[in-house]
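**Student:** Here it is: the structure, laid out below.
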Amino acid sequence: MEYYLAIDIGASSGRHIVGWLDDDKLHTEEVYRFSNGAEMRGGKLCWDTDRLFNEIIKGLQRAKEVGKIPSFIGIDTWGVDYALLDDKGNRIGEVYSYRDNRTAKSIDKVHLLTPFDTLYNRTGIQFEPFNTIYQLYEDKMSGRLKEAKTFLMLPDYLNFLLTGVKRQEYTNATNTGLVNVITHGFDEEIIDSLGFSRSLFGDLAQPGTIVGSFREEIADKLGYNATVILPATHDTASAVISAPLIEQTPYISSGTWSLLGIEQNEAHTDKQSQLVNYSNEGGPNFTFRYQKNIMGLWIIQSVKRELNDRYTFPELAELARSQPQGTVIDVNDNRFLAPTNMCEEIDKAVGEKLSLAKRMRVIYDSLAMSYLAAIKELEHNTKKTYETINIIGGGCRDEFLNELTSELTGKRIIAGPVEATATGNLVMQMIGTGKIKDIVAARRIIRQSFNIKQE
């Protein structure tokens, strides 16, 4: 049996999921899971990348212990964040978290050099204060870029630690706000206007590309070798690959962030798309995910954490269900990006001290309303009406949120697969090795391999 391993690292947890094909079905087994989270270092929110890499190694060891040694592995993470390396391949400082506010002074300076209208027209990437382009300009302002010889998005950096090969993957690179929607490569005009060195930005590799084998010391430590292959290294791009879409229908990738959108063959960089803050993120074969970022389950996760995990997610959902429809807040307000206390921030937004049940109802109603607004914008901008929404990822298990979304939008909800990102990671590896013909074939296999619910 030939095994593939998806290493799917999210902002709150990571998992190693082994996959294999048998009887035209995809079988999966989680062999390792670990926690993740940004932490304060020197007054900045950062990722502990050394610990993340150690967790990757532990999961690879675990795969051997359970008798499922992978022939191929692929790593995906969230987007935007990156590592800078010096001329010896050593990391320069920390890998900052997108939730840090360090871009506060760089955004306006970037827009003075290249107006956002120009950035959007050339890259199609929506404005977010944490976009890589603003982080990199802050690095330039602080002098951190002076020593940098290599720029690698986080999964590219982890691949480098495993293989010694520096390769920049396309889907994650598009999240930098530096990739041109026509050439599908780094935009040298933008790079030059901001005073970045062109040498930091190389050719972009498509999902399915081989990176290389483990470095000798890694193979010796594990007791086996494997080939690292690029999935769509941006987690949402991998998740959407696994969506049981038939033709181009809307999806919500529901997790810490909710990404609502649709696959398109060309980018939408018109003024209306810019005004409603829709993004055009890269997919395999130079397709685009025309989508909108919504704060998502981060708000619920934060409340759960602040309550010291006394309630499960289903229990919080039932508390919300017990209340009548409540006040609606703007879940995309930056005040909810990284508040000191999420519960207090919600109460301030509403203007009163809420019970937990009422607070949860506000969150659920507000998320569902944000989905309604986004689907209306999507239909207006694409000049089409859609009958279904495919909800994928861990959030597809939230039946109450699915119900509210269906009621408000009037759309039929198709929910699943749950481990969408890891599933998309696995099938993209299999496409790269010729095990599966293409994404259409992969989605057929996924539909017959997992419990996909229709409501």
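Residues in the structure tokens are named by chain (A, B, ... in the order shown) and by number from 1 within that chain; ligands are numbered from 1 in the order shown.
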Report the residues of region 155-360 of chain A whose backbone DSSP state falls under strand (DSSP E or B), written as a ChimeraX atom specification.
**Tutor:** /A:168-169,179,186,204-205,210-213,227-229,234,251-254,258-264,279-282,288-294
**Student:** Generate a file of the selected residues that holds N, CA, C and O atoms, formatted as a CSV table (one decimal), in the first residue's frame.
**Tutor:**
chain,number,residue,atom,x,y,z
A,168,GLN,N,9.0,28.2,-3.9
A,168,GLN,CA,7.9,29.1,-3.6
A,168,GLN,C,6.7,28.6,-4.3
A,168,GLN,O,6.7,28.6,-5.5
A,169,GLU,N,5.6,28.4,-3.5
A,169,GLU,CA,4.4,27.8,-4.1
A,169,GLU,C,3.4,28.8,-4.5
A,169,GLU,O,3.2,29.8,-3.7
A,179,VAL,N,1.5,39.2,-6.3
A,179,VAL,CA,1.4,38.3,-7.5
A,179,VAL,C,0.4,38.9,-8.5
A,179,VAL,O,-0.7,39.1,-8.2
A,186,PHE,N,5.4,36.9,-9.5
A,186,PHE,CA,5.5,38.1,-8.7
A,186,PHE,C,5.6,39.3,-9.6
A,186,PHE,O,6.2,39.3,-10.7
A,204,LEU,N,7.3,30.7,-9.4
A,204,LEU,CA,6.3,30.1,-8.5
A,204,LEU,C,6.0,28.7,-9.0
A,204,LEU,O,5.8,28.5,-10.2
A,205,ALA,N,5.9,27.7,-8.1
A,205,ALA,CA,5.6,26.4,-8.5
A,205,ALA,C,4.2,26.0,-8.2
A,205,ALA,O,3.6,26.5,-7.3
A,210,ILE,N,7.1,18.4,-7.3
A,210,ILE,CA,8.0,17.8,-6.3
A,210,ILE,C,9.0,18.8,-5.8
A,210,ILE,O,9.6,19.6,-6.5
A,211,VAL,N,9.1,18.8,-4.4
A,211,VAL,CA,10.1,19.7,-3.8
A,211,VAL,C,11.4,18.9,-3.7
A,211,VAL,O,12.5,19.4,-4.1
A,212,GLY,N,11.4,17.7,-3.0
A,212,GLY,CA,12.6,16.9,-2.9
A,212,GLY,C,12.5,15.9,-1.8
A,212,GLY,O,11.4,15.9,-1.1
A,213,SER,N,13.5,15.2,-1.5
A,213,SER,CA,13.5,14.2,-0.4
A,213,SER,C,14.0,14.8,0.9
A,213,SER,O,14.6,15.9,0.8
A,227,THR,N,9.3,11.7,-0.1
A,227,THR,CA,9.3,12.8,-1.0
A,227,THR,C,8.3,13.9,-0.6
A,227,THR,O,7.2,13.6,-0.4
A,228,VAL,N,8.8,15.1,-0.5
A,228,VAL,CA,8.0,16.2,-0.2
A,228,VAL,C,7.4,16.8,-1.5
A,228,VAL,O,8.2,17.0,-2.5
A,229,ILE,N,6.1,16.9,-1.6
A,229,ILE,CA,5.4,17.4,-2.8
A,229,ILE,C,4.5,18.5,-2.4
A,229,ILE,O,3.9,18.5,-1.3
A,234,HIS,N,-1.6,26.9,0.7
A,234,HIS,CA,-2.5,27.7,1.5
A,234,HIS,C,-3.7,26.8,1.8
A,234,HIS,O,-4.3,26.2,1.0
A,251,TYR,N,-18.9,28.2,-2.1
A,251,TYR,CA,-18.5,27.4,-1.0
A,251,TYR,C,-18.3,28.4,0.2
A,251,TYR,O,-18.1,29.6,0.1
A,252,ILE,N,-18.3,27.8,1.4
A,252,ILE,CA,-17.8,28.4,2.6
A,252,ILE,C,-16.8,27.5,3.2
A,252,ILE,O,-17.2,26.4,3.6
A,253,SER,N,-15.6,27.9,3.3
A,253,SER,CA,-14.6,27.1,4.0
A,253,SER,C,-14.6,27.6,5.4
A,253,SER,O,-14.2,28.8,5.7
A,254,SER,N,-15.2,26.8,6.3
A,254,SER,CA,-15.6,27.3,7.6
A,254,SER,C,-14.6,26.8,8.7
A,254,SER,O,-14.6,25.6,9.0
A,258,SER,N,-13.9,32.2,8.0
A,258,SER,CA,-14.9,31.7,7.0
A,258,SER,C,-14.5,32.4,5.7
A,258,SER,O,-14.5,33.6,5.6
A,259,LEU,N,-14.3,31.6,4.7
A,259,LEU,CA,-14.0,32.1,3.3
A,259,LEU,C,-15.2,31.8,2.4
A,259,LEU,O,-15.4,30.6,2.2
A,260,LEU,N,-15.9,32.7,2.0
A,260,LEU,CA,-17.1,32.5,1.1
A,260,LEU,C,-16.7,33.0,-0.3
A,260,LEU,O,-16.3,34.1,-0.5
A,261,GLY,N,-16.9,32.0,-1.2
A,261,GLY,CA,-16.5,32.4,-2.6
A,261,GLY,C,-16.9,31.4,-3.6
A,261,GLY,O,-17.7,30.5,-3.4
A,262,ILE,N,-16.3,31.5,-4.8
A,262,ILE,CA,-16.5,30.6,-5.9
A,262,ILE,C,-15.3,30.5,-6.7
A,262,ILE,O,-14.5,31.5,-6.8
A,263,GLU,N,-15.0,29.3,-7.3
A,263,GLU,CA,-13.9,29.2,-8.2
A,263,GLU,C,-14.2,29.9,-9.5
A,263,GLU,O,-15.3,29.8,-10.0
A,264,GLN,N,-13.2,30.6,-10.1
A,264,GLN,CA,-13.4,31.3,-11.3
A,264,GLN,C,-12.1,31.1,-12.2
A,264,GLN,O,-11.0,30.8,-11.7
A,279,SER,N,-11.7,39.1,-2.8
A,279,SER,CA,-10.3,38.8,-3.1
A,279,SER,C,-10.3,37.8,-4.2
A,279,SER,O,-11.2,37.0,-4.5
A,280,ASN,N,-9.1,37.7,-4.9
A,280,ASN,CA,-8.9,36.7,-6.0
A,280,ASN,C,-7.6,36.0,-5.7
A,280,ASN,O,-6.5,36.4,-6.1
A,281,GLU,N,-7.8,34.9,-4.9
A,281,GLU,CA,-6.6,34.1,-4.5
A,281,GLU,C,-6.4,33.0,-5.4
A,281,GLU,O,-7.3,32.4,-5.9
A,282,GLY,N,-5.1,32.6,-5.6
A,282,GLY,CA,-4.8,31.6,-6.6
A,282,GLY,C,-5.1,30.2,-6.2
A,282,GLY,O,-5.0,29.8,-5.1
A,288,PHE,N,-8.8,30.9,-9.9
A,288,PHE,CA,-8.9,31.9,-8.8
A,288,PHE,C,-10.0,31.5,-7.9
A,288,PHE,O,-11.1,31.0,-8.3
A,289,ARG,N,-9.8,31.7,-6.6
A,289,ARG,CA,-10.9,31.7,-5.6
A,289,ARG,C,-11.3,33.1,-5.4
A,289,ARG,O,-10.7,33.9,-4.7
A,290,TYR,N,-12.5,33.4,-6.0
A,290,TYR,CA,-13.1,34.8,-5.8
A,290,TYR,C,-13.9,34.7,-4.6
A,290,TYR,O,-15.0,34.1,-4.5
A,291,GLN,N,-13.3,35.3,-3.5
A,291,GLN,CA,-13.9,35.1,-2.2
A,291,GLN,C,-13.7,36.2,-1.2
A,291,GLN,O,-13.0,37.2,-1.5
A,292,LYS,N,-14.5,36.1,-0.1
A,292,LYS,CA,-14.4,37.2,0.9
A,292,LYS,C,-14.0,36.6,2.2
A,292,LYS,O,-14.6,35.5,2.6
A,293,ASN,N,-13.1,37.2,2.9
A,293,ASN,CA,-12.7,36.8,4.3
A,293,ASN,C,-13.7,37.3,5.3
A,293,ASN,O,-14.1,38.5,5.3
A,294,ILE,N,-14.2,36.4,6.1
A,294,ILE,CA,-15.1,36.7,7.2
A,294,ILE,C,-14.5,36.1,8.5
A,294,ILE,O,-13.9,35.1,8.5
**Student:** Please identify all polymer residues within 9 Å of Val31 (chain A), counting only C-alpha atoms, omitting same-chain residues fewer than 6 positions from it, and present them as a PyMOL selection string.
**Tutor:** chain A and resi 15-18+59-60+62-63+66
**Student:** Export N, CA and C atoms of the chosen residues as a PDB file, in the first residue's frame?
**Tutor:**
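Contents of out05.pdb, freshly written:
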ATOM      1  N   ARG A  15      -2.382  18.793  12.401  1.00  0.00           N
ATOM      2  CA  ARG A  15      -2.691  17.368  12.367  1.00  0.00           C
ATOM      3  C   ARG A  15      -1.920  16.697  11.240  1.00  0.00           C
ATOM      4  N   HIS A  16      -1.574  15.433  11.461  1.00  0.00           N
ATOM      5  CA  HIS A  16      -0.962  14.582  10.444  1.00  0.00           C
ATOM      6  C   HIS A  16      -2.004  13.536  10.063  1.00  0.00           C
ATOM      7  N   ILE A  17      -2.425  13.546   8.811  1.00  0.00           N
ATOM      8  CA  ILE A  17      -3.447  12.607   8.358  1.00  0.00           C
ATOM      9  C   ILE A  17      -2.898  11.801   7.191  1.00  0.00           C
ATOM     10  N   VAL A  18      -2.858  10.489   7.385  1.00  0.00           N
ATOM     11  CA  VAL A  18      -2.396   9.572   6.350  1.00  0.00           C
ATOM     12  C   VAL A  18      -3.566   9.249   5.429  1.00  0.00           C
ATOM     13  N   GLY A  59       5.134  13.887  14.347  1.00  0.00           N
ATOM     14  CA  GLY A  59       4.068  13.261  13.579  1.00  0.00           C
ATOM     15  C   GLY A  59       4.603  12.292  12.537  1.00  0.00           C
ATOM     16  N   LEU A  60       5.728  12.623  11.922  1.00  0.00           N
ATOM     17  CA  LEU A  60       6.363  11.706  10.965  1.00  0.00           C
ATOM     18  C   LEU A  60       6.845  10.446  11.666  1.00  0.00           C
ATOM     19  N   ARG A  62       5.438   9.247  14.353  1.00  0.00           N
ATOM     20  CA  ARG A  62       4.216   8.526  14.718  1.00  0.00           C
ATOM     21  C   ARG A  62       3.676   7.720  13.540  1.00  0.00           C
ATOM     22  N   ALA A  63       3.774   8.264  12.348  1.00  0.00           N
ATOM     23  CA  ALA A  63       3.306   7.532  11.166  1.00  0.00           C
ATOM     24  C   ALA A  63       4.051   6.202  11.031  1.00  0.00           C
ATOM     25  N   VAL A  66       2.805   3.587  13.693  1.00  0.00           N
ATOM     26  CA  VAL A  66       1.515   2.943  13.425  1.00  0.00           C
ATOM     27  C   VAL A  66       1.549   2.115  12.139  1.00  0.00           C
TER      28      VAL A  66
END
**Student:** Name all residues at most 9 Å from Lys358 (chain A) (count only C-alpha atoms; drop same-chain ones fewer than 5 positions away) and give them as number ranges by chain.
**Tutor:** A: 319-320, 322-326, 363
**Student:** As a PyMOL selection string, please: all residues of region 141-330 of chain A that backbone DSSP puts in helix (DSSP H, G or I).
**Tutor:** chain A and resi 141-142+154-163+170-176+188-193+198-200+216-222+235-242+271-275+284-286+298-306+313-321
**Student:** Dump as JSON lines the rows for residues of region 221-273 of chain A within 9 Å of region 410-434 of chain A: closest atom pair and distance in Å with one decimal, only C-alpha atoms counted, ordered by chain and rising residue number.
**Tutor:**
{"residue": "A:Ile229", "atom": "CA", "partner": "A:Gln429", "partner_atom": "CA", "distance": 6.3}
{"residue": "A:Leu230", "atom": "CA", "partner": "A:Gln429", "partner_atom": "CA", "distance": 6.8}
{"residue": "A:Pro231", "atom": "CA", "partner": "A:Asn425", "partner_atom": "CA", "distance": 5.0}
{"residue": "A:Ala232", "atom": "CA", "partner": "A:Asn425", "partner_atom": "CA", "distance": 6.6}
{"residue": "A:Thr233", "atom": "CA", "partner": "A:Asn425", "partner_atom": "CA", "distance": 7.8}
{"residue": "A:Asp235", "atom": "CA", "partner": "A:Thr421", "partner_atom": "CA", "distance": 5.8}
{"residue": "A:Thr236", "atom": "CA", "partner": "A:Thr421", "partner_atom": "CA", "distance": 6.8}
{"residue": "A:Ala237", "atom": "CA", "partner": "A:Thr421", "partner_atom": "CA", "distance": 7.9}
{"residue": "A:Ser238", "atom": "CA", "partner": "A:Gly424", "partner_atom": "CA", "distance": 4.5}
{"residue": "A:Ala239", "atom": "CA", "partner": "A:Thr421", "partner_atom": "CA", "distance": 3.8}
{"residue": "A:Val240", "atom": "CA", "partner": "A:Gly424", "partner_atom": "CA", "distance": 7.1}
{"residue": "A:Ile241", "atom": "CA", "partner": "A:Gly424", "partner_atom": "CA", "distance": 5.0}
{"residue": "A:Ser242", "atom": "CA", "partner": "A:Gly424", "partner_atom": "CA", "distance": 4.5}
{"residue": "A:Ala243", "atom": "CA", "partner": "A:Ala420", "partner_atom": "CA", "distance": 7.1}
{"residue": "A:Pro244", "atom": "CA", "partner": "A:Gly416", "partner_atom": "CA", "distance": 7.9}
{"residue": "A:Ser253", "atom": "CA", "partner": "A:Ala420", "partner_atom": "CA", "distance": 8.3}
**Student:** So which residues touch Lys105 (chain A) within 10 Å, counting only C-alpha atoms, skipping near sequence neighbours fewer than 4 positions away, as a list in words?
**Tutor:**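 These residues fall inside the cut-off: Asn101, Lys109, Val110, Tyr134, Tyr137, Glu138 and Met141 of chain A.
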**Student:** Suppose you want the space between CA of Lys304 (chain A) and CA of Leu356 (chain A); what is it in Å?
**Tutor:** 10.5 Å
**Student:** So how many Å separate CA of Lys44 (chain A) and CA of Tyr96 (chain A), to one decimal?
**Tutor:**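 Atom-to-atom, CA of Lys44 (chain A) and CA of Tyr96 (chain A) are spaced 7.3 Å apart.
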**Student:** Between A:Gly89, A:Pro115, A:Gly74, A:Gln61, which is the closest to Gly19 (chain A) once you count only C-alpha atoms?
**Tutor:** A:Gly74
**Student:** Please, what distance in Å, to one decimal, runs between CA of Asp365 (chain A) and CA of Ile9 (chain A)?
**Tutor:**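 Separation of CA of Asp365 (chain A) and CA of Ile9 (chain A): 28.7 Å.
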**Student:** Near Tyr120 (chain A), counting only C-alpha atoms, which residues have an atom at most 10 Å away, once you skip same-chain residues fewer than 3 positions from it, shown as a list in words?
**Tutor:**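 Here the qualifying residues turn out to be Pro115, Phe116, Asp117, Thr123, Gly124, Ile125, Gln126, Phe127, Gly177, Leu178, Asn180, Val181, His268, Thr269, Asp270, Lys271, Ser273, Gln274, Asn277, Tyr278, Ser279 and Asn280 of chain A.
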**Student:** Filtering to C-alpha atoms, could you give me those residues as a PDB file, in the first residue's frame?
**Tutor:**
ATOM      1  CA  PRO A 115      -2.173  53.297  -4.470  1.00  0.00           C
ATOM      2  CA  PHE A 116      -4.483  50.503  -3.412  1.00  0.00           C
ATOM      3  CA  ASP A 117      -6.483  50.903  -6.623  1.00  0.00           C
ATOM      4  CA  THR A 123      -3.112  41.486  -7.878  1.00  0.00           C
ATOM      5  CA  GLY A 124      -6.845  41.198  -7.147  1.00  0.00           C
ATOM      6  CA  ILE A 125      -6.141  40.775  -3.420  1.00  0.00           C
ATOM      7  CA  GLN A 126      -8.541  42.362  -0.968  1.00  0.00           C
ATOM      8  CA  PHE A 127      -7.324  44.817   1.629  1.00  0.00           C
ATOM      9  CA  GLY A 177      -0.554  40.888  -2.542  1.00  0.00           C
ATOM     10  CA  LEU A 178       2.499  40.790  -4.811  1.00  0.00           C
ATOM     11  CA  ASN A 180       0.069  39.574 -10.827  1.00  0.00           C
ATOM     12  CA  VAL A 181      -3.309  38.135 -11.906  1.00  0.00           C
ATOM     13  CA  HIS A 268     -12.435  39.948 -10.984  1.00  0.00           C
ATOM     14  CA  THR A 269     -10.511  43.199 -10.430  1.00  0.00           C
ATOM     15  CA  ASP A 270     -13.360  45.576 -11.227  1.00  0.00           C
ATOM     16  CA  LYS A 271     -14.221  48.515  -9.004  1.00  0.00           C
ATOM     17  CA  SER A 273     -15.272  43.811  -6.390  1.00  0.00           C
ATOM     18  CA  GLN A 274     -12.751  46.149  -4.819  1.00  0.00           C
ATOM     19  CA  ASN A 277     -13.487  43.756  -0.563  1.00  0.00           C
ATOM     20  CA  TYR A 278     -13.628  40.528  -2.542  1.00  0.00           C
ATOM     21  CA  SER A 279     -10.309  38.775  -3.123  1.00  0.00           C
ATOM     22  CA  ASN A 280      -8.897  36.747  -6.007  1.00  0.00           C
TER      23      ASN A 280
END
**Student:** Within 10 Å of Ser406 (chain A), counting only C-alpha atoms, which residues show up once you throw out same-chain ones fewer than 3 positions away? Write them as JSON, numbers by chain, please.
**Tutor:** {"A": [368, 371, 372, 388, 389, 400, 401, 402, 403, 409, 410, 411, 412, 413, 455]}
